[in-house]
Amino acid sequence: MSLAILHCRAQTGVDAPPVTVEVHLANGLPSLSIVGLPEMAVRESKDRVRGALLTSQFEFPNRRITINLAPADLPKEGGRFDLPIALGILAASQQLAMEPLAHYEFAGELALSGELRPVKGMLPAALAARDAGRDLILPRENAAEAALVKGLDCLPATHLLEVCAHLNGTTRLTPWAVRPSPTASEPQPDLADVIGQRQARRALEIAAAGAHSLLYLGPPGTGKSMLAARLPGILPAMSEQEALESAAIRSVADHPFTPETWLQRPFRAPHHTASAVALVGGGSNPRPGEISLAHNGVLFLDELPEFERHVLEVLREPMESGRITISRASRQAEYPARFQLIGAMNPCPCGHLGDGTSRCHCTGEQIARYRARISGPLLDRIDMHVEVPRQATPLQTQQADGEPSAQVRRRVEAARARQLTRQGKTNQALAGRELERHAAADPASLQLLAQAMERLGLSMRAYHRILKVARTIADLAGAERVGSPHIGEAIGLRRLDRKPLEE
């Protein structure tokens with residue numbers, strides 16, 4: 001038979017759509033053509049495959065070879081198709097047993113020596129192969145990443161000859177049995193290192209418990225960045241499903257995979273010179289940006305007003321929807337972006353407004369222009385705006401009397417457990433009637449909130465976000481119902497809804 005059919009996977013966003021590799025040998029002038037919307041790296045695979053087959057002492061068919069990558073309208077890119085194309089040529093020319101091919105999916109780039117080289121985006125391909133009920137043959141360098149998928153037999157190989165020996169039943173490949181430990185992690189900065197700043201610490205705990213966004217406002221050197229860096233250390237551990245989602249994004253972004261830290265929540269802190277494409281993703285071949293790399297973790301934007309305004313504006317939609325869709329003329333890719341935004345900014349251009357000194361000479365117009373770099377719609381989407389003032393007591397006489405991260409994390413985990421038991425999601429994700437049902441407050445609390453809305457001119461979005469934060473405060477206190485103390489604290493945590501700081 002001169003037709004061989006194999007299975008592999010393409011890459012579209014964080015999805016791995018199936019691709020059928022059909023190899024047909026026919027009489028005629030010797031040639032090799034690849035059809036099915038291949039990009040340059042795929043078209044070049046014919047030279048890599050020819051060299052690998054000849055170096056491995058196989059016969060390259062002196063016939064007309066047609067390789068179809070179906071479906072024809074799905075773009076194919078990268079070197080992942082080298083291995084299935086080579087095996088298809090061998091099977092169609094009867095140099096390889098054809099019957100076992102239907103039970104496997106294949107991925108791998110070939111060197112001219114026949115060695116297998118790793119490819120990116122292997123984790124989504126492994127998840128899809130498991131769901132399809134097939135085993136996966138892949139380069140050994142990708143095995144640790146694919147081994148995260150339970151219920152999948154991944155068979156690593158280092159050379160084309162090893163794969164052929166396995167398919168012919170001569171020497172079987174050994175399934176990769178080593179899986180990363182679910183408890184392995186790197187040490188995180190401890191919250192006990194932060195001196196003072198009780199309200200800022202309290203806001204960080206609330207943000208961790210309810211997955212809320214948070215903006216710190218204060219002079220330089222007051223600990224804003226230090227506090228933000230300690231948020232991952234008090235967040236609950238990721239579930240295995242969340243960890244797989246985050247690892248899949250890093251996989252398609254070609255970030256190095258580290259088995260020891262795959263269960264740690266991401267912490268991304270791009271520089272303020274980052275472009276909009278770097279932040280949300282994009283490019284001619286769409287790639288995930290920082291908001292997707294922070295999926296299920298933390299995105300920290302230091303010196304928030306120093307970011308270009310149009311760069312910050314692209315955050316508005318994904319903060320609401322939890323995903324980003326990148327559209328190009330030839331393709332569209334969607335990436336998850338359920339991140340927790342933590343921002344930090346100075347109160348004025350020089351940074352010294354309200355720090356108890358006379359060093360600030362910024363005019364009211366300069367301060368207003370500086371803060372206007374963050375638009376009202378974006379600021380409205382941030383749940384808490386908290387002041388981080390300069391400490392009055394000299395540093396050498398202070399003592400680090402704050403709680404350690406482990407103690408705070410226990411309260412956060414208990415509050416998260418209440419939320420998941422009650423509504424199946426975090427408080428930040430509540431919307432519409434869910435919020436009315438699960439964050440219902442007594443009449444006195446609602447009256448307090450109505451007065452705050454009227455006095456501060458709050459929007460309905462701010463109204464709902466105050467309710468969500470109040471629900472989290474109640475969960476931390478173990479309260480079944482939202483009360484006036486919870487509403488009052490939540491209102492007090494929106495500092496920028498009030499008048500500007502005075503010198």
# chains A, B, ... in the order shown; residues from 1 in each chain; ligands from 1
>>> residues_around(residues="range 122-128 of chain A", least_positions_apart="5", cutoff="10 Å", atoms="only C-alpha atoms", output="ChimeraX atom specification")
/A:8-18,80,105-108,133-139,142-154,244-245,247-252,254
>>> select_by_dssp(residues="range 347-479 of chain A", states="strand (DSSP E)", output="PyMOL selection string")
chain A and resi 384-387
>>> atom_distance(atom1="CA of Arg201 in chain A", atom2="CA of Gly488 in chain A")
17.6 Å
>>> residues_around(residues="Leu173 in chain A", least_positions_apart="5", cutoff="9 Å", atoms="only C-alpha atoms", output="list in words")
Ile137, Leu155, Pro156, Ala157, Glu162, Val163, Ala165 and His166 of chain A
>>> select_by_dssp(residues="range 129-167 of chain A", states="helix (DSSP H, G or I)", output="list in words")
Ala129, Arg130, Asp131, Ala132, Arg140, Glu141, Asn142, Ala143, Ala144, Glu145, Ala146, Leu160, Leu161, Glu162, Val163, Cys164, Ala165, His166 and Leu167 of chain A
